[in-house]
Amino acid sequence: MADADPGLNWAARRRQQARAIQRRSAAHAAAGTTDMAPGPFVNRAGTYTDPVRFAAEQRHLFGGDVPLVAGLSNDMPNPGDRLLFEETGVPIVILRGKDGVARAFLNMCTHRGAKLATDCTSSARLTCPFHAWTFDLAGALVGLPGARGFAGHAKADLGLVPVACTEWHGIIFVQPRAGATPVMIEDHLGSFLPELAQLELGKAEPVKAGEMRAASNWKFALDTYGEGYHFATLHASTIGQTHFNDMCVYDKFGPHHRVGFPDKTALALASLPESEWPEVDYGGVHYLFPNTILFIGSIEPGKGFTQIFRLFPGKTPGEMVTKFAVYAPTGVQSDQHRAECEFAFDATARVVSTEDYVIAANGWTNMAAADPMTPIIFGANEIALANVHRAIADRIGMALD
Ligand code: FES
Ligand SMILES: [Fe+2]
């Protein structure tokens, strides 16, 4: 398939993929099986608690070398729209220029360092609240009151400090450090590229956003998105009702992955010829290394939603925040559709914060007190987790014991 072909019909590709996943789900449902790793993997408590490893993650994953998702294109669709990206500790503002290009800068006045933008209100200029230096949407200094005091400093040299930013298929990626070597998104995504491109995130319209915190390590919280082995117990009254426990369809794409969790309707498919299978919407949990989960789901056929979870470490190994947003995949179709997307946000936020993140926090108190060599065992059925931890360890250059 010519994935690079701009004429490719992404909807057709999604249908094809949805059918392939449906086939694998039906086979697992009929046989009671799941995709598995060759064997279990023993991780260690220290992988989560070690402050040296934590500092290496902050530096090598969140410190500018890896492109991170700052938002989607329609979070800032028009010239003058802006986004703030501060979760890595480096305050960054992303501005959409008159030419439609999204550019990122340190959110720091080049006079004496004041923060320029404190909210996401659109405007044609950015005026510093301290002494009113004014910058245009391309970061150039265009207003310098009392210029006589700055003899010898050319306005042209006092523009905002740029930060690497790429808008790719509807996703805005930022490398949150001034001076970081820009990474080609295509190289970062590798074989995952068509899986993300086919989501057509450039059409997604934001509906609702918020954040969820847990007194836990960011990776310990991230682990909860990677397996369905806990559905029947932790989510007994929610996802466990609708989805098979301990069953997944897993595909690895370098450090990224996609995992599908078959719902219980997959069982009925096995007794039907494929020609009679209902057409289902494409869906799944997409892990975009190192910290982003894109969940494509639907309330019912044709009523989809896109959820994005971005997990960030806090100041210590035991703090984290998840920025969570829900989008209407091809725009909000009606008031009812908006309400459904909002419902999907609220229901998911409730499950994550009252079920997954409660475990993440109370497990953390154990882990933080445990000997660093205490085994944390990923079953072969928890296939995504070992691969995520291996990819992180590779990237930070610290082996897993
Ligand atoms: S710090 Fe911004 S104008 Fe002085
Ligand atoms: Fe969960």
# chains A, B, ... in the order shown; residues from 1 in each chain; ligands from 1
>>> residues_around(residues="region 130-139 of chain A", least_positions_apart="3", cutoff="9 Å", atoms="only C-alpha atoms", output="PyMOL selection string")
chain A and resi 79-80+95-98+101-105+109-112+114-116+123-127+142-145+159-162
>>> write_last_selection(atoms="C-alpha atoms", output="PDB file, in the first residue's frame")
ATOM      1  CA  PRO A  79      -3.955  32.941  12.614  1.00  0.00           C
ATOM      2  CA  GLY A  80      -3.476  34.517  16.030  1.00  0.00           C
ATOM      3  CA  LEU A  95       1.435  30.788  17.814  1.00  0.00           C
ATOM      4  CA  ARG A  96      -0.331  30.352  14.503  1.00  0.00           C
ATOM      5  CA  GLY A  97       1.070  32.950  12.127  1.00  0.00           C
ATOM      6  CA  LYS A  98      -0.679  34.962   9.444  1.00  0.00           C
ATOM      7  CA  VAL A 101       2.238  28.151  10.183  1.00  0.00           C
ATOM      8  CA  ALA A 102       2.390  27.065  13.829  1.00  0.00           C
ATOM      9  CA  ARG A 103       5.581  28.259  15.527  1.00  0.00           C
ATOM     10  CA  ALA A 104       6.751  27.619  19.071  1.00  0.00           C
ATOM     11  CA  PHE A 105       8.771  29.974  21.253  1.00  0.00           C
ATOM     12  CA  CYS A 109      10.056  38.179  27.065  1.00  0.00           C
ATOM     13  CA  THR A 110      13.477  38.942  25.625  1.00  0.00           C
ATOM     14  CA  HIS A 111      13.661  42.111  27.745  1.00  0.00           C
ATOM     15  CA  ARG A 112      13.751  40.816  31.323  1.00  0.00           C
ATOM     16  CA  ALA A 114       8.495  38.044  32.014  1.00  0.00           C
ATOM     17  CA  LYS A 115       5.954  35.489  30.855  1.00  0.00           C
ATOM     18  CA  LEU A 116       4.177  36.773  27.766  1.00  0.00           C
ATOM     19  CA  SER A 123      -4.566  37.958  19.368  1.00  0.00           C
ATOM     20  CA  ALA A 124      -2.570  39.411  16.483  1.00  0.00           C
ATOM     21  CA  ARG A 125       0.305  40.416  18.784  1.00  0.00           C
ATOM     22  CA  LEU A 126       1.815  39.401  22.075  1.00  0.00           C
ATOM     23  CA  THR A 127       2.403  42.317  24.425  1.00  0.00           C
ATOM     24  CA  VAL A 142       7.632  44.939  16.651  1.00  0.00           C
ATOM     25  CA  GLY A 143       7.057  47.331  19.543  1.00  0.00           C
ATOM     26  CA  LEU A 144       9.771  48.654  21.849  1.00  0.00           C
ATOM     27  CA  PRO A 145       8.576  51.528  24.041  1.00  0.00           C
ATOM     28  CA  GLY A 159      12.816  38.349  18.700  1.00  0.00           C
ATOM     29  CA  LEU A 160      11.372  35.507  20.743  1.00  0.00           C
ATOM     30  CA  VAL A 161      13.521  32.421  21.198  1.00  0.00           C
ATOM     31  CA  PRO A 162      12.264  29.723  18.822  1.00  0.00           C
TER      32      PRO A 162
END
>>> residues_around(residues="Ala384 (chain A)", least_positions_apart="4", cutoff="8 Å", atoms="only C-alpha atoms", output="compact mmCIF listing (two decimals) with C-alpha atoms, in the first residue's frame")
# COMPACT_ATOMS: atom_id res chain seq x y z
CA GLY A 226 -1.46 -1.02 28.05
CA GLU A 227 -3.33 -4.13 29.17
CA TYR A 250 -1.30 -6.01 19.77
CA HIS A 257 2.31 0.44 19.52
CA VAL A 259 -3.46 -2.33 21.14
CA VAL A 388 7.20 0.32 26.50
>>> residues_near_ligand(ligand="ligand 2", cutoff="7 Å", atoms="only C-alpha atoms and all ligand atoms", output="mmCIF file with all heavy atoms, in the first residue's frame")
data_model
loop_
_atom_site.group_PDB
_atom_site.id
_atom_site.type_symbol
_atom_site.label_atom_id
_atom_site.label_comp_id
_atom_site.auth_asym_id
_atom_site.auth_seq_id
_atom_site.Cartn_x
_atom_site.Cartn_y
_atom_site.Cartn_z
ATOM 1 N N THR A 224 -1.164 1.478 33.020
ATOM 2 C CA THR A 224 -2.580 1.097 33.111
ATOM 3 C C THR A 224 -3.287 1.166 31.753
ATOM 4 O O THR A 224 -4.352 0.594 31.580
ATOM 5 C CB THR A 224 -3.362 1.984 34.122
ATOM 6 O OG1 THR A 224 -3.386 3.332 33.647
ATOM 7 C CG2 THR A 224 -2.737 1.938 35.506
ATOM 8 N N TYR A 225 -2.680 1.868 30.780
ATOM 9 C CA TYR A 225 -3.302 1.992 29.461
ATOM 10 C C TYR A 225 -2.939 0.826 28.534
ATOM 11 O O TYR A 225 -3.430 0.749 27.414
ATOM 12 C CB TYR A 225 -2.859 3.291 28.780
ATOM 13 C CG TYR A 225 -3.295 4.560 29.486
ATOM 14 C CD1 TYR A 225 -2.585 5.086 30.553
ATOM 15 C CD2 TYR A 225 -4.433 5.248 29.067
ATOM 16 C CE1 TYR A 225 -2.975 6.252 31.195
ATOM 17 C CE2 TYR A 225 -4.835 6.421 29.694
ATOM 18 C CZ TYR A 225 -4.103 6.911 30.756
ATOM 19 O OH TYR A 225 -4.501 8.068 31.385
ATOM 20 N N HIS A 230 -6.895 -6.292 33.566
ATOM 21 C CA HIS A 230 -7.518 -5.805 34.802
ATOM 22 C C HIS A 230 -8.998 -5.422 34.608
ATOM 23 O O HIS A 230 -9.629 -4.931 35.520
ATOM 24 C CB HIS A 230 -6.733 -4.604 35.349
ATOM 25 C CG HIS A 230 -6.789 -3.360 34.496
ATOM 26 N ND1 HIS A 230 -6.033 -3.180 33.350
ATOM 27 C CD2 HIS A 230 -7.505 -2.222 34.621
ATOM 28 C CE1 HIS A 230 -6.282 -1.979 32.836
ATOM 29 N NE2 HIS A 230 -7.187 -1.381 33.579
ATOM 30 N N PHE A 231 -9.531 -5.658 33.411
ATOM 31 C CA PHE A 231 -10.890 -5.184 33.131
ATOM 32 C C PHE A 231 -11.939 -5.834 34.054
ATOM 33 O O PHE A 231 -12.837 -5.166 34.554
ATOM 34 C CB PHE A 231 -11.263 -5.449 31.669
ATOM 35 C CG PHE A 231 -10.587 -4.522 30.673
ATOM 36 C CD1 PHE A 231 -10.815 -4.675 29.309
ATOM 37 C CD2 PHE A 231 -9.733 -3.508 31.083
ATOM 38 C CE1 PHE A 231 -10.208 -3.838 28.383
ATOM 39 C CE2 PHE A 231 -9.116 -2.672 30.166
ATOM 40 C CZ PHE A 231 -9.358 -2.834 28.805
ATOM 41 N N HIS A 235 -12.252 -2.851 36.638
ATOM 42 C CA HIS A 235 -13.340 -2.176 35.912
ATOM 43 C C HIS A 235 -14.580 -3.067 35.807
ATOM 44 O O HIS A 235 -15.253 -3.090 34.779
ATOM 45 C CB HIS A 235 -12.874 -1.772 34.508
ATOM 46 C CG HIS A 235 -11.665 -0.885 34.485
ATOM 47 N ND1 HIS A 235 -11.545 0.226 35.290
ATOM 48 C CD2 HIS A 235 -10.525 -0.936 33.752
ATOM 49 C CE1 HIS A 235 -10.365 0.808 35.046
ATOM 50 N NE2 HIS A 235 -9.737 0.121 34.129
ATOM 51 N N VAL A 352 -10.822 6.517 34.745
ATOM 52 C CA VAL A 352 -9.369 6.649 34.929
ATOM 53 C C VAL A 352 -9.060 7.190 36.323
ATOM 54 O O VAL A 352 -8.223 6.656 37.047
ATOM 55 C CB VAL A 352 -8.752 7.567 33.841
ATOM 56 C CG1 VAL A 352 -7.293 7.897 34.163
ATOM 57 C CG2 VAL A 352 -8.853 6.899 32.471
ATOM 58 N N GLU A 355 -10.624 4.711 39.222
ATOM 59 C CA GLU A 355 -10.232 3.296 39.203
ATOM 60 C C GLU A 355 -8.723 3.177 38.906
ATOM 61 O O GLU A 355 -7.930 2.914 39.796
ATOM 62 C CB GLU A 355 -11.112 2.519 38.209
ATOM 63 C CG GLU A 355 -12.584 2.542 38.676
ATOM 64 C CD GLU A 355 -13.594 1.857 37.747
ATOM 65 O OE1 GLU A 355 -13.205 1.340 36.690
ATOM 66 O OE2 GLU A 355 -14.795 1.841 38.110
ATOM 67 N N ASP A 356 -8.297 3.438 37.665
ATOM 68 C CA ASP A 356 -6.882 3.236 37.310
ATOM 69 C C ASP A 356 -5.925 4.054 38.183
ATOM 70 O O ASP A 356 -4.933 3.539 38.696
ATOM 71 C CB ASP A 356 -6.650 3.595 35.844
ATOM 72 C CG ASP A 356 -7.426 2.687 34.919
ATOM 73 O OD1 ASP A 356 -7.041 1.524 34.781
ATOM 74 O OD2 ASP A 356 -8.440 3.148 34.351
#
>>> residues_around(residues="region 200-208 of chain A", least_positions_apart="3", cutoff="9 Å", atoms="only C-alpha atoms", output="ChimeraX atom specification")
/A:10-11,72-75,168-171,196-197,305-306,324-332,338,341-342,345
>>> atom_distance(atom1="CA of Phe378 (chain A)", atom2="CA of Phe41 (chain A)")
5.1 Å
>>> decode(residues="region 238-261 of chain A", atoms="N, CA, C and O atoms", output="PDB file, in the first residue's frame")
ATOM      1  N   THR A 238     -17.663  -1.312  34.731  1.00  0.00           N
ATOM      2  CA  THR A 238     -17.590  -0.409  33.569  1.00  0.00           C
ATOM      3  C   THR A 238     -17.091  -1.184  32.335  1.00  0.00           C
ATOM      4  O   THR A 238     -17.842  -1.959  31.745  1.00  0.00           O
ATOM      5  N   ILE A 239     -15.832  -1.009  31.978  1.00  0.00           N
ATOM      6  CA  ILE A 239     -15.297  -1.669  30.771  1.00  0.00           C
ATOM      7  C   ILE A 239     -15.421  -3.193  30.862  1.00  0.00           C
ATOM      8  O   ILE A 239     -15.617  -3.871  29.854  1.00  0.00           O
ATOM      9  N   GLY A 240     -15.309  -3.704  32.070  1.00  0.00           N
ATOM     10  CA  GLY A 240     -15.391  -5.155  32.274  1.00  0.00           C
ATOM     11  C   GLY A 240     -16.728  -5.737  31.848  1.00  0.00           C
ATOM     12  O   GLY A 240     -16.833  -6.928  31.551  1.00  0.00           O
ATOM     13  N   GLN A 241     -17.752  -4.905  31.835  1.00  0.00           N
ATOM     14  CA  GLN A 241     -19.081  -5.365  31.399  1.00  0.00           C
ATOM     15  C   GLN A 241     -19.120  -5.575  29.887  1.00  0.00           C
ATOM     16  O   GLN A 241     -19.807  -6.461  29.399  1.00  0.00           O
ATOM     17  N   THR A 242     -18.422  -4.733  29.171  1.00  0.00           N
ATOM     18  CA  THR A 242     -18.555  -4.711  27.713  1.00  0.00           C
ATOM     19  C   THR A 242     -17.401  -5.394  26.986  1.00  0.00           C
ATOM     20  O   THR A 242     -17.542  -5.775  25.818  1.00  0.00           O
ATOM     21  N   HIS A 243     -16.272  -5.538  27.655  1.00  0.00           N
ATOM     22  CA  HIS A 243     -15.079  -6.045  26.976  1.00  0.00           C
ATOM     23  C   HIS A 243     -14.567  -7.333  27.622  1.00  0.00           C
ATOM     24  O   HIS A 243     -14.728  -7.548  28.823  1.00  0.00           O
ATOM     25  N   PHE A 244     -13.928  -8.146  26.789  1.00  0.00           N
ATOM     26  CA  PHE A 244     -13.303  -9.350  27.316  1.00  0.00           C
ATOM     27  C   PHE A 244     -12.185  -8.978  28.266  1.00  0.00           C
ATOM     28  O   PHE A 244     -11.465  -8.002  28.039  1.00  0.00           O
ATOM     29  N   ASN A 245     -12.048  -9.779  29.300  1.00  0.00           N
ATOM     30  CA  ASN A 245     -10.906  -9.599  30.173  1.00  0.00           C
ATOM     31  C   ASN A 245      -9.701 -10.318  29.578  1.00  0.00           C
ATOM     32  O   ASN A 245      -9.835 -11.374  28.959  1.00  0.00           O
ATOM     33  N   ASP A 246      -8.531  -9.732  29.776  1.00  0.00           N
ATOM     34  CA  ASP A 246      -7.278 -10.395  29.403  1.00  0.00           C
ATOM     35  C   ASP A 246      -7.257 -10.844  27.940  1.00  0.00           C
ATOM     36  O   ASP A 246      -6.900 -11.982  27.634  1.00  0.00           O
ATOM     37  N   MET A 247      -7.651  -9.958  27.069  1.00  0.00           N
ATOM     38  CA  MET A 247      -7.638 -10.282  25.640  1.00  0.00           C
ATOM     39  C   MET A 247      -7.240  -9.020  24.874  1.00  0.00           C
ATOM     40  O   MET A 247      -7.844  -7.962  25.061  1.00  0.00           O
ATOM     41  N   CYS A 248      -6.223  -9.149  24.055  1.00  0.00           N
ATOM     42  CA  CYS A 248      -5.816  -7.982  23.276  1.00  0.00           C
ATOM     43  C   CYS A 248      -5.294  -8.383  21.907  1.00  0.00           C
ATOM     44  O   CYS A 248      -4.906  -9.528  21.683  1.00  0.00           O
ATOM     45  N   VAL A 249      -5.338  -7.405  21.029  1.00  0.00           N
ATOM     46  CA  VAL A 249      -4.748  -7.534  19.689  1.00  0.00           C
ATOM     47  C   VAL A 249      -3.659  -6.471  19.645  1.00  0.00           C
ATOM     48  O   VAL A 249      -3.954  -5.277  19.727  1.00  0.00           O
ATOM     49  N   TYR A 250      -2.426  -6.917  19.552  1.00  0.00           N
ATOM     50  CA  TYR A 250      -1.296  -6.008  19.775  1.00  0.00           C
ATOM     51  C   TYR A 250      -0.404  -5.915  18.542  1.00  0.00           C
ATOM     52  O   TYR A 250      -0.079  -6.936  17.920  1.00  0.00           O
ATOM     53  N   ASP A 251      -0.015  -4.713  18.203  1.00  0.00           N
ATOM     54  CA  ASP A 251       0.938  -4.500  17.110  1.00  0.00           C
ATOM     55  C   ASP A 251       1.991  -3.506  17.554  1.00  0.00           C
ATOM     56  O   ASP A 251       1.668  -2.425  18.069  1.00  0.00           O
ATOM     57  N   LYS A 252       3.226  -3.870  17.320  1.00  0.00           N
ATOM     58  CA  LYS A 252       4.357  -3.018  17.727  1.00  0.00           C
ATOM     59  C   LYS A 252       4.910  -2.318  16.495  1.00  0.00           C
ATOM     60  O   LYS A 252       5.051  -2.939  15.435  1.00  0.00           O
ATOM     61  N   PHE A 253       5.201  -1.045  16.644  1.00  0.00           N
ATOM     62  CA  PHE A 253       5.797  -0.259  15.558  1.00  0.00           C
ATOM     63  C   PHE A 253       7.002   0.474  16.135  1.00  0.00           C
ATOM     64  O   PHE A 253       6.888   1.631  16.553  1.00  0.00           O
ATOM     65  N   GLY A 254       8.133  -0.208  16.216  1.00  0.00           N
ATOM     66  CA  GLY A 254       9.293   0.396  16.868  1.00  0.00           C
ATOM     67  C   GLY A 254       8.961   0.669  18.321  1.00  0.00           C
ATOM     68  O   GLY A 254       8.430  -0.214  19.014  1.00  0.00           O
ATOM     69  N   PRO A 255       9.211   1.883  18.827  1.00  0.00           N
ATOM     70  CA  PRO A 255       8.900   2.166  20.235  1.00  0.00           C
ATOM     71  C   PRO A 255       7.414   2.437  20.468  1.00  0.00           C
ATOM     72  O   PRO A 255       6.981   2.568  21.607  1.00  0.00           O
ATOM     73  N   HIS A 256       6.647   2.559  19.387  1.00  0.00           N
ATOM     74  CA  HIS A 256       5.213   2.865  19.488  1.00  0.00           C
ATOM     75  C   HIS A 256       4.405   1.558  19.393  1.00  0.00           C
ATOM     76  O   HIS A 256       4.929   0.530  18.988  1.00  0.00           O
ATOM     77  N   HIS A 257       3.137   1.632  19.728  1.00  0.00           N
ATOM     78  CA  HIS A 257       2.311   0.439  19.520  1.00  0.00           C
ATOM     79  C   HIS A 257       0.841   0.796  19.367  1.00  0.00           C
ATOM     80  O   HIS A 257       0.422   1.933  19.639  1.00  0.00           O
ATOM     81  N   ARG A 258       0.098  -0.209  18.929  1.00  0.00           N
ATOM     82  CA  ARG A 258      -1.367  -0.111  18.940  1.00  0.00           C
ATOM     83  C   ARG A 258      -1.880  -1.365  19.624  1.00  0.00           C
ATOM     84  O   ARG A 258      -1.398  -2.465  19.364  1.00  0.00           O
ATOM     85  N   VAL A 259      -2.850  -1.175  20.502  1.00  0.00           N
ATOM     86  CA  VAL A 259      -3.456  -2.331  21.142  1.00  0.00           C
ATOM     87  C   VAL A 259      -4.976  -2.173  21.085  1.00  0.00           C
ATOM     88  O   VAL A 259      -5.509  -1.086  21.326  1.00  0.00           O
ATOM     89  N   GLY A 260      -5.624  -3.238  20.673  1.00  0.00           N
ATOM     90  CA  GLY A 260      -7.080  -3.257  20.630  1.00  0.00           C
ATOM     91  C   GLY A 260      -7.596  -4.205  21.691  1.00  0.00           C
ATOM     92  O   GLY A 260      -6.990  -5.258  21.934  1.00  0.00           O
ATOM     93  N   PHE A 261      -8.673  -3.820  22.342  1.00  0.00           N
ATOM     94  CA  PHE A 261      -9.279  -4.669  23.361  1.00  0.00           C
ATOM     95  C   PHE A 261     -10.644  -5.126  22.848  1.00  0.00           C
ATOM     96  O   PHE A 261     -11.579  -4.307  22.771  1.00  0.00           O
TER      97      PHE A 261
END
